[in-house]
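Engineer: The following file, model_0.txt, comprises compact mmCIF, C-alpha atoms and all ligand atoms:
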# COMPACT_ATOMS: atom_id res chain seq x y z
CA MET Y 1435 157.24 81.79 73.74
CA ILE Y 1436 155.31 84.76 75.07
CA GLU Y 1437 152.41 84.41 72.65
CA ASP Y 1438 151.73 80.83 73.72
CA CYS Y 1439 150.25 81.91 77.03
CA PHE Y 1440 147.25 83.35 75.14
CA ILE Y 1441 146.39 80.11 73.35
CA LEU Y 1442 143.26 78.34 74.57
CA THR Y 1443 143.01 74.56 74.25
CA LYS Y 1444 139.79 72.78 73.39
CA ASP Y 1445 139.48 71.86 77.07
CA ASP Y 1446 139.91 75.52 78.07
CA ARG Y 1447 137.08 76.38 75.68
CA LYS Y 1448 134.84 73.69 77.12
CA ARG Y 1449 135.56 74.91 80.64
CA ILE Y 1450 134.76 78.53 79.77
CA ARG Y 1451 131.47 77.44 78.17
CA ARG Y 1452 130.54 75.41 81.23
CA ASN Y 1453 131.59 78.13 83.68
CA PHE Y 1454 129.49 80.64 81.78
CA ALA Y 1455 126.40 78.39 81.77
CA GLU Y 1456 126.89 77.82 85.49
CA ALA Y 1457 127.25 81.54 86.19
CA LEU Y 1458 124.02 82.19 84.28
CA ILE Y 1459 122.09 79.47 86.09
CA ALA Y 1460 123.47 80.65 89.45
CA LYS Y 1461 122.19 84.17 88.70
CA MET Y 1462 118.80 82.83 87.61
CA GLU Y 1463 118.54 80.93 90.88
CA GLY Y 1464 119.42 84.01 92.91
CA GLU Y 1465 122.90 82.85 93.88
CA ALA Y 1466 126.21 84.75 93.70
CA SER Y 1467 127.43 85.21 90.13
CA SER Y 1468 129.72 87.48 88.15
CA LEU Y 1469 126.82 88.05 85.71
CA LYS Y 1470 124.21 90.70 86.42
CA CYS Y 1471 121.25 89.62 84.23
CA LEU Y 1472 119.53 93.01 84.27
CA PRO Y 1473 115.87 92.82 83.11
CA SER Y 1474 114.95 95.09 80.19
CA PHE Y 1475 111.19 94.64 80.74
CA LEU Y 1476 110.98 94.15 76.99
CA PRO Y 1477 110.00 91.09 74.97
CA ARG Y 1478 111.12 90.56 71.40
CA PRO Y 1479 109.23 92.69 68.86
CA SER Y 1480 106.62 91.13 66.58
CA GLY Y 1481 108.02 92.80 63.46
CA THR Y 1482 104.76 94.71 62.93
CA GLU Y 1483 105.79 97.81 64.94
CA CYS Y 1484 105.74 100.81 62.58
CA GLY Y 1485 106.44 104.56 62.54
CA ASP Y 1486 109.25 107.13 62.87
CA TYR Y 1487 111.24 107.16 66.11
CA LEU Y 1488 114.33 108.88 67.48
CA ALA Y 1489 117.21 106.79 68.68
CA LEU Y 1490 120.22 107.80 70.72
CA ASP Y 1491 123.19 105.46 70.79
CA PHE Y 1492 125.47 106.42 73.67
CA GLY Y 1493 128.17 104.23 75.08
CA GLY Y 1494 131.21 103.70 72.90
CA SER Y 1495 133.78 105.93 71.33
CA ASN Y 1496 131.03 107.75 69.44
CA VAL Y 1497 127.59 109.03 70.34
CA ARG Y 1498 124.99 108.96 67.57
CA ALA Y 1499 121.52 110.42 67.25
CA MET Y 1500 119.21 109.25 64.50
CA THR Y 1501 115.68 109.21 63.15
CA VAL Y 1502 114.61 105.70 62.22
CA ARG Y 1503 111.63 104.59 60.15
CA LEU Y 1504 110.22 101.20 61.12
CA ALA Y 1505 107.96 99.43 58.63
CA ASN Y 1506 107.09 95.74 59.02
CA GLY Y 1507 110.49 94.26 59.75
CA GLN Y 1508 112.38 96.87 57.75
CA ALA Y 1509 114.30 99.62 59.59
CA ASP Y 1510 115.73 102.62 57.74
CA ILE Y 1511 117.86 105.37 59.21
CA LEU Y 1512 116.46 108.64 57.83
CA ARG Y 1513 118.89 111.08 59.50
CA MET Y 1514 121.95 110.58 61.61
CA LYS Y 1515 124.49 112.80 63.38
CA LYS Y 1516 127.43 111.53 65.36
CA MET Y 1517 130.35 112.84 67.34
CA SER Y 1518 133.30 111.40 69.16
CA LEU Y 1519 132.86 111.20 72.89
CA ARG Y 1520 136.32 110.47 74.20
CA ARG Y 1521 137.17 114.13 74.07
CA VAL Y 1522 134.92 116.98 72.97
CA GLY Y 1523 136.85 120.25 72.85
CA SER Y 1524 138.47 120.55 76.24
CA LEU Y 1525 136.15 118.00 77.89
CA ASP Y 1526 137.71 114.65 78.73
CA TYR Y 1527 135.08 112.11 79.76
CA THR Y 1528 137.62 109.87 81.44
CA SER Y 1529 139.12 112.56 83.66
CA GLY Y 1530 136.43 112.77 86.34
CA ASP Y 1531 136.20 116.56 85.89
CA VAL Y 1532 133.18 116.65 83.59
CA GLU Y 1533 129.72 117.17 85.12
CA ALA Y 1534 126.55 115.29 84.13
CA LYS Y 1535 124.86 118.45 82.83
CA ASP Y 1536 127.73 119.15 80.37
CA LEU Y 1537 127.59 115.61 79.04
CA PHE Y 1538 123.81 115.47 78.65
CA GLY Y 1539 123.72 119.03 77.28
CA ILE Y 1540 126.02 118.06 74.43
CA ILE Y 1541 123.98 114.92 73.77
CA ALA Y 1542 120.65 116.82 73.82
CA ASP Y 1543 122.02 119.24 71.20
CA LEU Y 1544 123.06 116.36 69.00
CA ILE Y 1545 119.56 114.83 69.22
CA LEU Y 1546 117.85 118.16 68.48
CA ALA Y 1547 119.88 118.34 65.26
CA VAL Y 1548 118.02 115.28 63.89
CA VAL Y 1549 114.48 115.98 65.18
CA PRO Y 1550 112.09 116.49 62.27
CA ASP Y 1551 110.71 120.07 62.21
CA GLN Y 1552 107.70 120.87 64.38
CA LYS Y 1553 107.31 117.33 65.58
CA THR Y 1554 107.25 115.67 68.97
CA VAL Y 1555 108.95 112.34 68.69
CA ALA Y 1556 109.40 109.36 71.02
CA LEU Y 1557 113.03 108.54 71.70
CA GLY Y 1558 114.65 105.21 72.55
CA HIS Y 1559 117.91 105.72 74.41
CA THR Y 1560 120.55 103.06 73.99
CA PHE Y 1561 122.75 103.60 77.03
CA SER Y 1562 125.58 101.10 77.02
CA PHE Y 1563 126.63 100.89 80.62
CA PRO Y 1564 125.41 98.69 83.47
CA ALA Y 1565 122.14 100.25 84.54
CA GLU Y 1566 119.40 99.06 86.85
CA GLN Y 1567 116.19 99.14 84.86
CA LEU Y 1568 113.35 100.76 86.80
CA SER Y 1569 110.85 100.51 83.94
CA VAL Y 1570 111.06 100.38 80.16
CA GLY Y 1571 111.53 104.16 80.24
CA GLU Y 1572 113.98 104.66 83.09
CA ALA Y 1573 117.22 103.21 84.41
CA ARG Y 1574 119.80 104.12 87.02
CA LEU Y 1575 123.51 103.92 86.24
CA ILE Y 1576 125.12 101.28 88.49
CA LYS Y 1577 128.74 102.08 87.57
CA TRP Y 1578 130.67 103.52 84.66
CA THR Y 1579 132.69 101.07 82.54
CA LYS Y 1580 135.04 101.52 79.55
CA GLU Y 1581 137.02 104.14 81.53
CA PHE Y 1582 134.18 106.71 81.54
CA ALA Y 1583 134.17 108.87 84.68
CA VAL Y 1584 131.65 111.74 84.35
CA LYS Y 1585 130.52 113.10 87.74
CA GLY Y 1586 126.93 113.02 88.99
CA VAL Y 1587 125.62 110.13 86.89
CA VAL Y 1588 126.28 106.99 88.97
CA GLY Y 1589 123.10 106.20 90.94
CA GLU Y 1590 121.04 108.71 88.93
CA LYS Y 1591 118.07 108.18 86.61
CA VAL Y 1592 119.67 108.52 83.22
CA ASN Y 1593 116.63 109.45 81.09
CA ARG Y 1594 115.74 112.07 83.68
CA LEU Y 1595 119.21 113.65 83.22
CA LEU Y 1596 118.52 113.70 79.48
CA ALA Y 1597 115.00 115.11 79.92
CA GLU Y 1598 116.43 117.85 82.18
CA ALA Y 1599 118.88 118.82 79.46
CA PHE Y 1600 115.95 119.26 77.02
CA ALA Y 1601 114.05 121.26 79.64
CA ARG Y 1602 117.06 123.59 80.09
CA ARG Y 1603 116.92 124.14 76.33
CA GLY Y 1604 113.22 125.03 76.54
CA THR Y 1605 112.01 122.27 74.22
CA ASP Y 1606 109.54 119.43 74.65
CA SER Y 1607 109.83 117.97 71.16
CA VAL Y 1608 111.65 114.86 72.38
CA ARG Y 1609 110.00 112.29 74.66
CA PRO Y 1610 112.51 109.75 76.02
CA VAL Y 1611 110.19 106.71 76.39
CA ALA Y 1612 112.67 103.84 76.52
CA ILE Y 1613 116.18 103.19 77.78
CA ILE Y 1614 118.04 100.02 76.92
CA ASN Y 1615 121.51 98.55 76.86
CA ASP Y 1616 123.23 98.32 73.44
CA THR Y 1617 123.22 94.52 73.61
CA VAL Y 1618 119.45 94.61 74.13
CA GLY Y 1619 119.26 97.05 71.20
CA THR Y 1620 121.23 94.70 68.98
CA LEU Y 1621 118.95 91.83 69.92
CA LEU Y 1622 115.81 93.93 69.30
CA ALA Y 1623 117.04 95.23 65.93
CA SER Y 1624 117.84 91.72 64.73
CA ALA Y 1625 114.63 90.18 66.14
CA TYR Y 1626 112.63 92.87 64.31
CA ARG Y 1627 113.46 91.02 61.07
CA ALA Y 1628 114.65 87.59 62.34
CA PRO Y 1629 112.23 86.45 65.09
CA ASP Y 1630 114.45 83.57 66.21
CA THR Y 1631 117.15 85.95 67.48
CA THR Y 1632 117.92 84.87 71.04
CA ILE Y 1633 121.30 86.52 71.62
CA GLY Y 1634 122.45 90.10 70.95
CA SER Y 1635 126.04 91.03 71.61
CA ILE Y 1636 128.56 93.83 71.27
CA CYS Y 1637 132.16 93.18 70.37
CA GLY Y 1638 133.48 96.72 70.10
CA THR Y 1639 135.12 99.21 72.46
CA GLY Y 1640 133.44 97.16 75.20
CA HIS Y 1641 132.02 93.67 75.29
CA ASN Y 1642 128.69 92.43 76.60
CA THR Y 1643 125.77 90.18 75.66
CA ALA Y 1644 121.99 90.11 76.08
CA ALA Y 1645 119.77 87.07 75.78
CA VAL Y 1646 116.11 86.10 75.76
CA LEU Y 1647 115.85 84.04 78.93
CA PRO Y 1648 113.23 81.34 79.44
CA ASP Y 1649 110.67 83.79 80.82
CA GLY Y 1650 110.54 85.50 77.40
CA MET Y 1651 112.12 88.74 78.58
CA ILE Y 1652 115.36 90.15 77.20
CA TYR Y 1653 118.09 90.48 79.83
CA ASN Y 1654 121.34 92.42 79.71
CA LEU Y 1655 123.75 89.89 81.16
CA GLU Y 1656 126.63 92.39 81.68
CA SER Y 1657 128.79 89.47 80.67
CA GLY Y 1658 131.85 91.73 80.42
CA ASN Y 1659 132.07 91.16 84.17
CA PHE Y 1660 132.26 87.34 83.78
CA ASP Y 1661 135.29 85.99 85.60
CA GLY Y 1662 135.43 82.22 84.98
CA LEU Y 1663 138.43 82.53 82.66
CA PRO Y 1664 142.08 81.46 82.58
CA VAL Y 1665 144.20 84.62 83.00
CA THR Y 1666 147.80 85.44 82.11
CA GLU Y 1667 150.21 87.70 84.00
CA TYR Y 1668 149.52 90.37 81.37
CA ASP Y 1669 145.79 90.29 82.03
CA LEU Y 1670 146.48 90.72 85.73
CA ALA Y 1671 148.85 93.63 85.09
CA LEU Y 1672 146.34 95.35 82.81
CA ASP Y 1673 143.57 94.86 85.34
CA GLN Y 1674 145.61 96.49 88.08
CA MET Y 1675 146.37 99.49 85.84
CA SER Y 1676 142.70 100.00 84.91
CA LEU Y 1677 140.25 102.41 86.56
CA ALA Y 1678 138.29 99.59 88.22
CA PRO Y 1679 140.56 96.65 89.14
CA ASN Y 1680 138.98 93.19 89.61
CA GLU Y 1681 135.91 94.19 87.61
CA GLN Y 1682 134.97 93.47 83.99
CA ARG Y 1683 137.47 90.62 83.63
CA LEU Y 1684 136.07 89.20 80.39
CA GLU Y 1685 135.75 92.67 78.91
CA LYS Y 1686 139.37 93.48 79.72
CA MET Y 1687 140.46 90.28 77.94
CA SER Y 1688 138.22 90.64 74.92
CA ALA Y 1689 137.13 94.19 74.08
CA GLY Y 1690 138.65 96.59 71.58
CA HIS Y 1691 139.50 99.15 74.23
CA TYR Y 1692 141.88 96.70 75.89
CA LEU Y 1693 143.33 94.34 73.23
CA GLY Y 1694 146.00 96.81 72.11
CA LYS Y 1695 147.03 97.33 75.71
CA ILE Y 1696 147.42 93.57 76.28
CA VAL Y 1697 149.54 93.17 73.15
CA THR Y 1698 151.70 96.13 74.21
CA LEU Y 1699 152.25 94.75 77.72
CA ALA Y 1700 153.17 91.29 76.44
CA ALA Y 1701 155.33 92.58 73.57
CA ALA Y 1702 157.25 94.84 75.95
CA ASP Y 1703 158.74 91.72 77.55
CA LYS Y 1704 160.65 91.18 74.33
CA LEU Y 1705 160.73 94.57 72.61
CA ASP Y 1706 162.39 97.21 74.80
CA CYS Y 1707 161.06 100.05 72.67
CA LEU Y 1708 157.49 99.26 73.79
CA ARG Y 1709 158.37 99.57 77.45
CA ALA Y 1710 158.50 103.36 77.57
CA GLY Y 1711 154.76 104.03 77.54
CA ALA Y 1712 153.85 103.84 73.84
CA GLU Y 1713 150.62 101.92 73.45
CA LEU Y 1714 149.11 100.08 70.50
CA THR Y 1715 145.43 100.68 69.73
CA GLY Y 1716 142.80 98.28 68.39
CA GLU Y 1717 143.26 99.81 64.92
CA ASP Y 1718 147.01 99.18 65.15
CA LEU Y 1719 146.29 95.50 65.75
CA GLY Y 1720 144.17 95.44 62.59
CA LEU Y 1721 147.06 96.93 60.63
CA ILE Y 1722 149.53 94.39 62.05
CA LEU Y 1723 147.25 91.48 61.15
CA ASN Y 1724 146.70 92.78 57.63
CA ASP Y 1725 150.36 93.50 56.95
CA GLY Y 1726 152.07 91.74 54.05
CA GLY Y 1727 155.06 89.37 54.02
CA GLN Y 1728 157.84 91.85 54.79
CA SER Y 1729 155.95 93.54 57.63
CA LEU Y 1730 156.95 96.97 56.38
CA ARG Y 1731 153.79 98.66 57.66
CA THR Y 1732 154.27 97.09 61.08
CA ALA Y 1733 157.87 98.33 61.24
CA ASP Y 1734 156.69 101.82 60.16
CA LEU Y 1735 153.95 101.77 62.79
CA ILE Y 1736 156.31 100.84 65.65
CA GLU Y 1737 158.78 103.46 64.46
CA ARG Y 1738 156.03 106.11 64.49
CA ARG Y 1739 154.95 105.08 67.99
CA THR Y 1740 158.39 104.58 69.59
CA GLY Y 1741 161.08 106.10 67.36
CA THR Y 1742 162.73 102.66 67.03
CA ARG Y 1743 162.72 100.52 63.88
CA ILE Y 1744 162.29 96.84 64.76
CA SER Y 1745 163.55 93.89 62.71
CA GLN Y 1746 161.48 91.72 60.41
CA SER Y 1747 161.59 88.84 62.88
CA ASP Y 1748 160.38 91.10 65.67
CA CYS Y 1749 157.53 92.19 63.38
CA ALA Y 1750 156.71 88.51 62.84
CA PHE Y 1751 156.66 87.99 66.62
CA LEU Y 1752 154.33 90.97 67.04
CA ARG Y 1753 152.02 89.50 64.43
CA ARG Y 1754 151.93 86.07 66.09
CA LEU Y 1755 151.25 87.70 69.44
CA THR Y 1756 148.48 89.88 67.99
CA ARG Y 1757 146.88 86.87 66.33
CA ALA Y 1758 146.93 84.98 69.62
CA VAL Y 1759 145.40 87.83 71.63
CA VAL Y 1760 142.70 88.57 69.04
CA ALA Y 1761 141.87 84.87 68.53
CA ARG Y 1762 141.61 84.37 72.30
CA SER Y 1763 139.10 87.21 72.51
CA ALA Y 1764 136.94 85.76 69.71
CA GLN Y 1765 137.10 82.26 71.22
CA MET Y 1766 136.14 83.40 74.72
CA VAL Y 1767 133.20 85.33 73.33
CA ALA Y 1768 132.02 82.31 71.29
CA CYS Y 1769 132.24 80.13 74.42
CA THR Y 1770 129.94 82.52 76.28
CA TYR Y 1771 127.37 82.28 73.43
CA LEU Y 1772 127.56 78.48 73.68
CA GLY Y 1773 127.10 78.68 77.45
CA ILE Y 1774 123.94 80.75 76.91
CA LEU Y 1775 122.56 78.27 74.38
CA ASP Y 1776 123.19 75.44 76.85
CA VAL Y 1777 120.93 77.25 79.32
CA ILE Y 1778 118.15 78.56 77.09
CA ASP Y 1779 117.90 75.54 74.78
CA PRO Y 1780 119.19 72.66 76.93
CA SER Y 1781 118.03 69.96 74.53
CA HIS Y 1782 119.77 71.81 71.70
CA THR Y 1783 117.02 71.39 69.15
CA GLU Y 1784 116.29 74.91 67.97
CA HIS Y 1785 117.69 77.34 65.46
CA HIS Y 1786 119.14 80.53 66.94
CA THR Y 1787 120.15 83.80 65.39
CA ILE Y 1788 123.00 85.46 67.25
CA ALA Y 1789 123.30 89.14 66.32
CA VAL Y 1790 126.55 91.02 66.88
CA ASP Y 1791 127.40 94.70 66.50
CA GLY Y 1792 130.64 96.53 67.27
CA SER Y 1793 133.87 97.55 65.57
CA LEU Y 1794 135.92 94.56 66.68
CA PHE Y 1795 133.47 92.10 65.15
CA GLY Y 1796 132.92 94.26 62.07
CA LYS Y 1797 136.47 95.33 61.31
CA MET Y 1798 139.15 93.24 63.01
CA PRO Y 1799 140.63 90.76 60.55
CA MET Y 1800 139.68 87.12 61.30
CA TYR Y 1801 137.53 88.03 64.33
CA ALA Y 1802 134.05 87.12 63.08
CA LYS Y 1803 135.37 83.96 61.38
CA GLU Y 1804 137.00 82.82 64.61
CA VAL Y 1805 133.79 83.35 66.62
CA GLU Y 1806 131.93 81.38 63.95
CA ARG Y 1807 134.49 78.57 63.94
CA VAL Y 1808 134.29 78.05 67.70
CA LEU Y 1809 130.49 78.22 67.65
CA ALA Y 1810 130.39 75.52 64.96
CA GLU Y 1811 132.90 73.44 66.93
CA GLY Y 1812 130.67 73.69 70.02
CA LEU Y 1813 127.48 72.74 68.16
CA ALA Y 1814 129.00 69.99 66.01
CA ASP Y 1815 127.36 67.14 67.92
CA VAL Y 1816 123.87 68.55 68.44
CA GLU Y 1817 120.81 69.27 66.34
CA ALA Y 1818 120.68 72.98 67.19
CA THR Y 1819 122.15 75.39 64.69
CA ALA Y 1820 123.11 79.01 65.08
CA ASP Y 1821 123.53 81.79 62.54
CA LEU Y 1822 125.97 84.45 63.55
CA VAL Y 1823 124.82 87.69 61.91
CA TRP Y 1824 126.37 91.12 61.70
CA ALA Y 1825 123.90 93.66 63.10
CA GLY Y 1826 125.60 96.89 62.01
CA ASP Y 1827 123.83 99.92 63.55
CA GLY Y 1828 121.87 97.38 65.60
CA SER Y 1829 122.37 99.18 68.88
CA GLY Y 1830 120.94 102.40 67.42
CA ILE Y 1831 118.08 100.85 65.45
CA GLY Y 1832 117.26 98.79 68.55
CA GLY Y 1833 116.66 102.07 70.39
CA ALA Y 1834 113.95 102.91 67.86
CA VAL Y 1835 112.43 99.43 68.17
CA ALA Y 1836 112.41 99.83 71.97
CA ALA Y 1837 110.65 103.21 71.63
CA ALA Y 1838 108.07 101.58 69.33
CA LEU Y 1839 107.51 98.75 71.82
CA ALA Y 1840 107.18 101.22 74.70
CA GLU Y 1841 104.59 103.22 72.75
CA THR Y 1842 102.69 100.12 71.60
CA HIS Y 1843 102.47 98.61 75.06
CA ARG Y 1844 102.08 101.87 77.00
CA GLY Y 1845 100.12 101.34 80.20
CA GLU Y 1846 100.06 97.56 79.81
CA ARG Y 1847 101.41 95.40 82.59
CA ARG Y 1848 103.17 92.51 81.03
CA GLU Y 1849 103.55 89.46 83.23
CA TYR Y 1850 106.74 87.52 82.86
CA ARG Y 1851 107.21 84.12 84.43
CA THR Y 1852 109.53 84.28 87.40
CA PHE Y 1853 112.97 82.80 87.02
CA ALA Y 1854 112.01 79.97 89.33
CA GLU Y 1855 108.98 79.10 87.18
CA SER Y 1856 111.07 79.22 84.02
CA MET Y 1857 113.69 76.96 85.53
CA VAL Y 1858 111.02 74.41 86.41
CA ALA Y 1859 109.56 74.67 82.90
CA LEU Y 1860 113.01 74.06 81.45
CA TYR Y 1861 114.56 71.51 83.72
CA GLY Y 1862 111.72 70.05 85.77
CA SER Y 1863 111.71 70.66 89.50
CA LYS Y 1864 114.97 71.79 91.04
CA GLY Y 1865 117.61 69.12 91.34
CA GLU Y 1866 116.44 67.14 88.30
CA ALA Y 1867 118.55 69.16 85.87
C1 LIG G 1901 130.41 97.68 78.74
C2 LIG G 1901 129.13 98.09 79.46
C3 LIG G 1901 127.94 97.35 78.87
C4 LIG G 1901 127.91 97.52 77.37
C5 LIG G 1901 129.24 97.09 76.75
C6 LIG G 1901 129.29 97.27 75.24
O1 LIG G 1901 130.66 96.34 79.02
O2 LIG G 1901 129.25 97.81 80.84
O3 LIG G 1901 126.74 97.84 79.44
O4 LIG G 1901 126.87 96.76 76.84
O5 LIG G 1901 130.27 97.85 77.33
O6 LIG G 1901 129.13 98.59 74.86
Could you take the file, read its structure, and then write that structure out as structure tokens?

Structural biologist:
Amino acid sequence: MIEDCFILTKDDRKRIRRNFAEALIAKMEGEASSLKCLPSFLPRPSGTECGDYLALDFGGSNVRAMTVRLANGQADILRMKKMSLRRVGSLDYTSGDVEAKDLFGIIADLILAVVPDQKTVALGHTFSFPAEQLSVGEARLIKWTKEFAVKGVVGEKVNRLLAEAFARRGTDSVRPVAIINDTVGTLLASAYRAPDTTIGSICGTGHNTAAVLPDGMIYNLESGNFDGLPVTEYDLALDQMSLAPNEQRLEKMSAGHYLGKIVTLAAADKLDCLRAGAELTGEDLGLILNDGGQSLRTADLIERRTGTRISQSDCAFLRRLTRAVVARSAQMVACTYLGILDVIDPSHTEHHTIAVDGSLFGKMPMYAKEVERVLAEGLADVEATADLVWAGDGSGIGGAVAAALAETHRGERREYRTFAESMVALYGSKGEA
């Protein structure tokens, strides 16, 4: 049966966990790896950072600007404005026709709408794409992901593009002082109240994870690019149809932007009506999973999308397939968390908080439970325990925490242990591991 190819066995899960740990160690030792491990230059917060900060959350289907009040472990969003970014008016951010200054102009306007009157405020920019961090306050875009394609941003300093947009508007009320990935933001937001947070992750439009590595710094792993996974013919087909084939393999098998496409491709092998270009979205998958016994809403949905009414047994097939694709995503993600824990806590003795933000984790039926189940399965025989927590708004609030950290430690040079030193501290001298 078609859906069976998406089922992972316990051995598959063990292999993914091991492959992920190996990819992380390889990167830490400077060898080839599908992970990027980009340094954020930020440690975890102490929880005592206080004040009002601006945060920009840019990177998914929506862009959000907010003012956040931080007070001893408690973060409150005072004002927030958001807009959809897939298409704004006639601008299509996936078309390759939009210029950097249009994009950052629109974003600067959104931020200015939440700036408190007459104030100059420090801004933390959560920019959720692979970016090479130059300092806490600046990063260069390495490549677009999630089908974004705006011109003139790859290779550029992203906060400079934002600062230039403010300059064109004649204002200096916003000081972009930090730029972080959304996974780093999620980790920071959670660690602000739960100091034992060691992993921050996004399961939304895209997928990626950050972790506190043994040197004490938070790294954006860009784990969406991890490739140590068993693939099906549908994953290969989807990859070839995407904007950047051969890249972001885990993301294309696990993130909200792609799950509907995988289900559509696989279902089309059985249901002719899905062959003609109609495509299911992540929300559609949620509806299919929540549908009642007679699958009436699923039949209505497919009829709306394709003009064909499918039978109850075909609806049941679609539901089994959707369950398999969604469960596989959750299981793969959980295996990557386990792989990280194997590296950062090799004796498995500590308690870890794993913070997750993103629509897939927050809204997709059974998703969070499945991640939790596989985590518990993987930690059943060891002392270490992990709490999987929902960090809603984490990527945005994390921007504010990053701005607070940047302001608190301005001018300081923080020394992190090198990877090599941390590896020795963890495993003894090389080879003894
Ligand atoms: C994509 C980006 C990554 C981001 C993730 C979640 O994988 O490359 O930087 O963290 O999406 O938004």

Engineer: Show me which residues sit within 6 Å of ligand LIG 1901 (chain G) when counting all atoms listed in the file, and put them as a PDB file with C-alpha atoms, in the coordinates of the input.

Structural biologist:
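The result, written out as part.pdb:
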ATOM      1  CA  GLY Y1493     128.170 104.230  75.080  1.00  0.00           C
ATOM      2  CA  GLY Y1494     131.210 103.700  72.900  1.00  0.00           C
ATOM      3  CA  SER Y1562     125.580 101.100  77.020  1.00  0.00           C
ATOM      4  CA  PHE Y1563     126.630 100.890  80.620  1.00  0.00           C
ATOM      5  CA  PRO Y1564     125.410  98.690  83.470  1.00  0.00           C
ATOM      6  CA  THR Y1579     132.690 101.070  82.540  1.00  0.00           C
ATOM      7  CA  ASN Y1615     121.510  98.550  76.860  1.00  0.00           C
ATOM      8  CA  ASP Y1616     123.230  98.320  73.440  1.00  0.00           C
ATOM      9  CA  THR Y1617     123.220  94.520  73.610  1.00  0.00           C
ATOM     10  CA  ILE Y1636     128.560  93.830  71.270  1.00  0.00           C
ATOM     11  CA  GLY Y1640     133.440  97.160  75.200  1.00  0.00           C
ATOM     12  CA  HIS Y1641     132.020  93.670  75.290  1.00  0.00           C
ATOM     13  CA  ASN Y1642     128.690  92.430  76.600  1.00  0.00           C
ATOM     14  CA  GLU Y1656     126.630  92.390  81.680  1.00  0.00           C
ATOM     15  CA  GLY Y1658     131.850  91.730  80.420  1.00  0.00           C
TER      16      GLY Y1658
END

Engineer: From the options Y:Val1697, Y:Ala1573, Y:Cys1749, Y:Leu1723, which residue's atoms come nearest to Y:Asp1669, counting only C-alpha atoms?

Structural biologist: Y:Val1697

Engineer: When distances are computed from only C-alpha atoms, which of Y:Asn1496, Y:Leu1809, Y:Pro1473, Y:Ser1635 shows the smallest separation from Y:Cys1769?

Structural biologist: Y:Leu1809

Engineer: Please determine, counting only C-alpha atoms, which residue among Y:Thr1819, Y:Ser1657, Y:Gln1746, Y:Ser1676 has the shortest atom-to-atom distance to Y:Ala1733.

Structural biologist: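 Among the listed residues, the smallest separation from Y:Ala1733 belongs to Y:Gln1746.
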
Engineer: Excluding Y:Lys1585 and its own-chain neighbours fewer than 6 positions away, which residues fall within 10 Å of it when counting all atoms listed in the file? Please give them as a PyMOL selection string.

Structural biologist: chain Y and resi 1527+1529-1537

Engineer: Expressed in Å to a single decimal, how great is the separation between atom CA of Y:Ser1829 and atom CA of Y:Gly1481?

Structural biologist: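 According to the coordinates, atom CA of Y:Ser1829 and atom CA of Y:Gly1481 are separated by 16.6 Å.
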
Engineer: Need the shell around stretch 1444-1446 of chain Y: protein/DNA/RNA residues with any atom at most 12 Å away, counting only C-alpha atoms. Skip same-chain ones fewer than 3 positions apart. Format as JSON, numbers by chain?

Structural biologist: {"Y": [1440, 1441, 1449, 1450, 1451, 1452, 1453, 1662, 1663, 1664, 1665, 1762, 1765, 1766, 1769, 1808, 1811, 1812]}

Engineer: Would you kindly return, as an MDAnalysis selection string, each protein, DNA or RNA residue with an atom no farther than 9 Å from any atom of Y:Ile1778, considering only C-alpha atoms and excluding same-chain residues fewer than 6 positions away?

Structural biologist: chainID Y and resid 1632 1645:1648 1860

Engineer: At a cut-off of 12 Å, using all atoms listed in the file, what residues contact Y:Ala1814? Leave out same-chain residues fewer than 6 positions from it and give the result as a PyMOL selection string.

Structural biologist: chain Y and resi 1772+1782+1806-1808+1820

Engineer: Figure out the distance between atom CA of Y:Ala1678 and atom CA of Y:Asp1438, please, to one decimal in Å.

Structural biologist: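 Atom CA of Y:Ala1678 lies 27.3 Å from atom CA of Y:Asp1438.
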
Engineer: Just to confirm, what's the straight-line distance from atom CA of Y:Glu1784 to atom CA of Y:Gly1832 in Å (one decimal)?

Structural biologist: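 Calculated distance between atom CA of Y:Glu1784 and atom CA of Y:Gly1832 is 23.9 Å.
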
Engineer: Here's a test: counting all atoms listed in the file, identify every protein, DNA and RNA residue with an atom at most 12 Å from (156.1, 83.3, 83.2) in the file's coordinate frame, and state them as a VMD selection string.

Structural biologist: chain Y and resid 1435 to 1440 1665 to 1668 1700 1703
